[in-house]
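S.K.: Structure in structure tokens, see below.
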Amino acid sequence: MTRSPVLRVGVKILLPYIMLFALYVQFHGDLGAGGGFQAGVIFAAAMILYSLVFGLEAARRVVPPRVAEVFMALGLLLYGGTGVAGLLAGGNYLDYAVFSPHHPQHGQHWGIFAVELGVGLAVSAVMLSIFFSFAGRRRAE
Amino acid sequence: MIDHHLVVLPVVLPLLGAPLVLLVRHRVAAYALALTETGAVAALAVRALIRTSREGPLSYLLGGWAVPWGIEYRVDTLGALVAVLVSSIATVVLVFAPRSLARDVPRERHYLFLAIYLLCLSGLMGIVVTGDLFNLFVFLEIASLSSYVMVSLGPNRRALTAAFRYLVLGTVGATFYVIGVGLLYQVTGTLNMADMARLLPTVSAFRTVLVAFGFITAGLGLKAAMFPLHAWLPDAYTYAPSAVSAFLAGTTTKVAIYVLARLVFGVFGPGLALDRLPLGEILLVLGTLGFVIASAVAIFQSDVKRLLAYSSVGHVGYMVLGLSLNSVTGLTGGLVHLVNHGLTKAGMFLAVGCMAFQVGSTKLEDLRGVGRRMPVTTAAWVFGGLGLIGVPATAGFVTKWYLVSAAVEQGAWGLVALVVASSLLAVAYVWRVVEAAYFRAPPDGVDGEIQEAPLGMVLPTWVLIGATLYFGIFASAPAGAARRAAEVLLQVAR
């Protein structure tokens, strides 16, 4: 944690834009550079920056480790669940074309969208959990 | 519906079960969920085995993408057999696990263990069913990473160093594998195994292919703990929680050997691997050294789990020997030993887990006199041990019979002598535990307190040991499947 007002204010100004950029990378990933993994990392980086400047405890209040754990699981479930949804809709596992029988491309688009969202959730939660466990370890010693 | 997705469901169910367990979190509910999942996977694997033996290999296209571009899951009789082995051992060990875990792992972490266990199962099933070289790497990593974590959960702090060592060597193995796959992709432009097998003969003169072959065999050898690449195994099996030792000992190295056989024979083809390259000779020497040296080392161990671990290295040697002989009989022996030894060793680790649960130690000196206090568990050790030795009417005998017959076919009498001699070494290390358990007075102070392990632990142990006895007498089902698989593998590209 730092007391430097420049850093504290600077980070507070930056944080929303970092998160917004993460969302841009997430949802624009199928048209430009980016995707779920990159977005997840950027989003987690915002939280890590917050915790570097405002302290680990503050960051843990914003995203408790248990919440990170839940998002990890939800991300994987969303990815796998999309695959299973394709399976239930009559296609093979991970076949997204069946989501839109008349426009298979649309189905593919929606499927990838959901899958990437799952990746983004899981990656940002995992990144945060790794950071929390390493940072918490150093404090204990 | 289920029949159509039969190949993919054993991977998807535990893969999605893991995050569900993480969300459920409640210890009993999470356990019930995990047990249902593993049981369902085992049932699906059995169904796949029945269907493959009737209809031939089953194929499944992920996402419906056509073959050389998309990922294909492909399972034949051998694959289904290994899938049945892995999933049934996973189920039995999970039945055994809760009490044993309660002693080894803090209660609030049980749901994490269950999630990782399911992930590991998903990875192993994926390795078995996938027909895509890179997809295999992904599942190899899923299975390996979760194994490292499970080993590190062991009650002793040395589990952490054991897990780290396993991680470093396992990562080297996976890296070697993926380097090999990368080189092959560079030459052929495909990752599908069947497509690769079709294209490789045209390019097998390139040195790139030979280098790839070397990397892949060395990497998988590391994963399989093939002597002398076994350095990670003894510590990992010794310090892991008992249930984890049993699960890993019964599955991971076996799956690696299965992949080795599938790639060496099914993708590279025996013509390249054994006729043009001296892989047969190399595996013959390493396998033989493995079962002789590791069995000898096992005799001098003071910890029963470490003794079993060295015995595992030795038995991997038998499987490797089976692969090296370049004959249907030899390969049948090697492949059927996957099943036989997986069941035997998992059963014996469970027996040791029962002892550890009651005695609180796996040191040989602490197990003195345990035979009278825990007769049923110790009897399981004795019958499992007979299987390791290869006494007739146990599953171990079937394997040794095939291996010795294959050696006799080739007139390799020295090899026959070594296999028999190594069985005598196995007698020695099994006997050391039997002697301590039955013929030594218990150490002072712990006398009357030790009783038989609870039924929930003894029963799973005996299910596995009973299976080895069953397959020792009615050997035709696994041996027949292994023989058909051996014939198919050795005919490829000849």
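Starting from 1 in every chain, residues are counted up; chains themselves are A, B, ... following the order of the structure tokens, and ligands are numbered from 1 as listed.
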Within 6 Å of chain B, which residues belong to chain A? Use only C-alpha atoms and report them as a list in words.
M.R.: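 So the residues of chain A near chain B are Ala73, Asn92, Tyr93, Leu94 and Asp95 of chain A.
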S.K.: I'd like the neighbourhood of B:Pro14 as JSON, numbers by chain, where a residue qualifies if any of its atoms comes within 7 Å (using only C-alpha atoms), though same-chain residues fewer than 3 positions away should be ignored.
M.R.: {"B": [11, 17, 18, 37, 118, 119, 121, 122]}
S.K.: I'd like the neighbourhood of A:Ala44 as a ChimeraX atom specification, where a residue qualifies if any of its atoms comes within 8 Å (using only C-alpha atoms), though same-chain residues fewer than 6 positions away should be ignored.
M.R.: /A:124-125,127-128
S.K.: Skipping near chain neighbours, those fewer than 2 positions away, what residues fall within 7 Å of A:Leu76 using only C-alpha atoms, listed as a tab-separated table (two decimals) with N, CA and C atoms, in the first residue's frame?
M.R.:
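Result went into result.tsv, see below:
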chain	number	residue	atom	x	y	z
A	72	MET	N	-14.05	-18.72	-11.23
A	72	MET	CA	-13.25	-19.75	-11.90
A	72	MET	C	-14.15	-20.88	-12.38
A	73	ALA	N	-14.96	-21.38	-11.43
A	73	ALA	CA	-15.84	-22.51	-11.75
A	73	ALA	C	-16.88	-22.10	-12.79
A	74	LEU	N	-17.45	-20.88	-12.62
A	74	LEU	CA	-18.49	-20.45	-13.56
A	74	LEU	C	-17.92	-20.32	-14.97
A	78	LEU	N	-19.35	-22.28	-18.06
A	78	LEU	CA	-19.93	-21.59	-19.20
A	78	LEU	C	-19.35	-22.16	-20.50
A	79	TYR	N	-18.02	-22.34	-20.51
A	79	TYR	CA	-17.37	-22.92	-21.69
A	79	TYR	C	-17.91	-24.32	-21.97
A	80	GLY	N	-17.78	-25.19	-20.97
A	80	GLY	CA	-18.22	-26.57	-21.17
A	80	GLY	C	-19.71	-26.66	-21.40
A	118	GLY	N	-16.69	-17.26	-21.07
A	118	GLY	CA	-16.27	-18.22	-20.06
A	118	GLY	C	-14.78	-18.17	-19.84
A	122	ALA	N	-12.93	-17.15	-16.31
A	122	ALA	CA	-12.04	-18.11	-15.65
A	122	ALA	C	-10.63	-17.55	-15.56
B	19	PRO	N	-15.85	-28.07	-11.85
B	19	PRO	CA	-16.33	-26.77	-11.38
B	19	PRO	C	-17.61	-26.87	-10.57
S.K.: With a distance cut-off of 9 Å and only C-alpha atoms, select the neighbouring residues of stretch 96-110 of chain A, excluding the residue or stretch itself and same-chain residues fewer than 3 positions from it, and output the selection as a list of chain:residue names.
M.R.: A:Asp30, A:Thr82, A:Gly83, A:Ala85, A:Gly86, A:Leu87, A:Ala89, A:Gly90, A:Gly91, A:Asn92, A:Tyr93, A:Phe113, A:Ala114, A:Val115, B:Gly63, B:Gly64
S.K.: Restrict the selected residues to C-alpha atoms and save them as a PDB file, in the first residue's frame.
M.R.:
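Here's the written file again.pdb:
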ATOM      1  CA  ASP A  30     -13.962 -12.021 -32.644  1.00  0.00           C
ATOM      2  CA  THR A  82     -21.926 -24.131 -24.230  1.00  0.00           C
ATOM      3  CA  GLY A  83     -20.444 -27.305 -25.650  1.00  0.00           C
ATOM      4  CA  ALA A  85     -25.817 -27.047 -25.127  1.00  0.00           C
ATOM      5  CA  GLY A  86     -24.672 -27.767 -28.675  1.00  0.00           C
ATOM      6  CA  LEU A  87     -24.826 -31.443 -27.827  1.00  0.00           C
ATOM      7  CA  ALA A  89     -29.469 -29.101 -29.443  1.00  0.00           C
ATOM      8  CA  GLY A  90     -28.688 -32.093 -31.621  1.00  0.00           C
ATOM      9  CA  GLY A  91     -25.140 -31.429 -32.788  1.00  0.00           C
ATOM     10  CA  ASN A  92     -21.847 -32.790 -31.604  1.00  0.00           C
ATOM     11  CA  TYR A  93     -20.096 -31.507 -28.492  1.00  0.00           C
ATOM     12  CA  PHE A 113     -19.094 -15.405 -27.843  1.00  0.00           C
ATOM     13  CA  ALA A 114     -20.256 -17.503 -24.882  1.00  0.00           C
ATOM     14  CA  VAL A 115     -17.119 -19.608 -24.850  1.00  0.00           C
TER      15      VAL A 115
ATOM     16  CA  GLY B  63     -17.861 -29.474 -33.090  1.00  0.00           C
ATOM     17  CA  GLY B  64     -18.740 -31.455 -36.200  1.00  0.00           C
TER      18      GLY B  64
END
S.K.: As a PyMOL selection string, please: the residues near stretch 370-378 of chain B (cut-off 6 Å, only C-alpha atoms, same-chain neighbours under 3 positions excluded).
M.R.: chain B and resi 351+367+381+437-438+451-452
S.K.: Residues at most 7 Å from A:Phe43, counting only C-alpha atoms, excluding those fewer than 4 positions away in the same chain, as a ChimeraX atom specification?
M.R.: /A:19,22,39,47,124
S.K.: What does the distance from atom CA of B:Gly287 to atom CA of B:Arg432 come to in Å, to one decimal?
M.R.: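 Computing the Euclidean distance for atom CA of B:Gly287 and atom CA of B:Arg432 yields 24.5 Å.
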S.K.: Name the residues of chain A that come out as alpha helix (DSSP H) in a backbone DSSP run; write them as a ChimeraX atom specification.
M.R.: /A:5-27,36-54,56-62,65-88,104-140
S.K.: Kindly indicate which residue among B:Phe265, B:Phe137, B:Phe471, B:Trp413 lies nearest to B:Glu487, using only C-alpha atoms for the distances.
M.R.: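 Closest candidate: B:Phe265.
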S.K.: Can you work out the spacing between atom CA of B:Val313 and atom CA of B:Val416 in Å, to one decimal?
M.R.: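 One can read the atom CA of B:Val313 to atom CA of B:Val416 distance as 19.2 Å.
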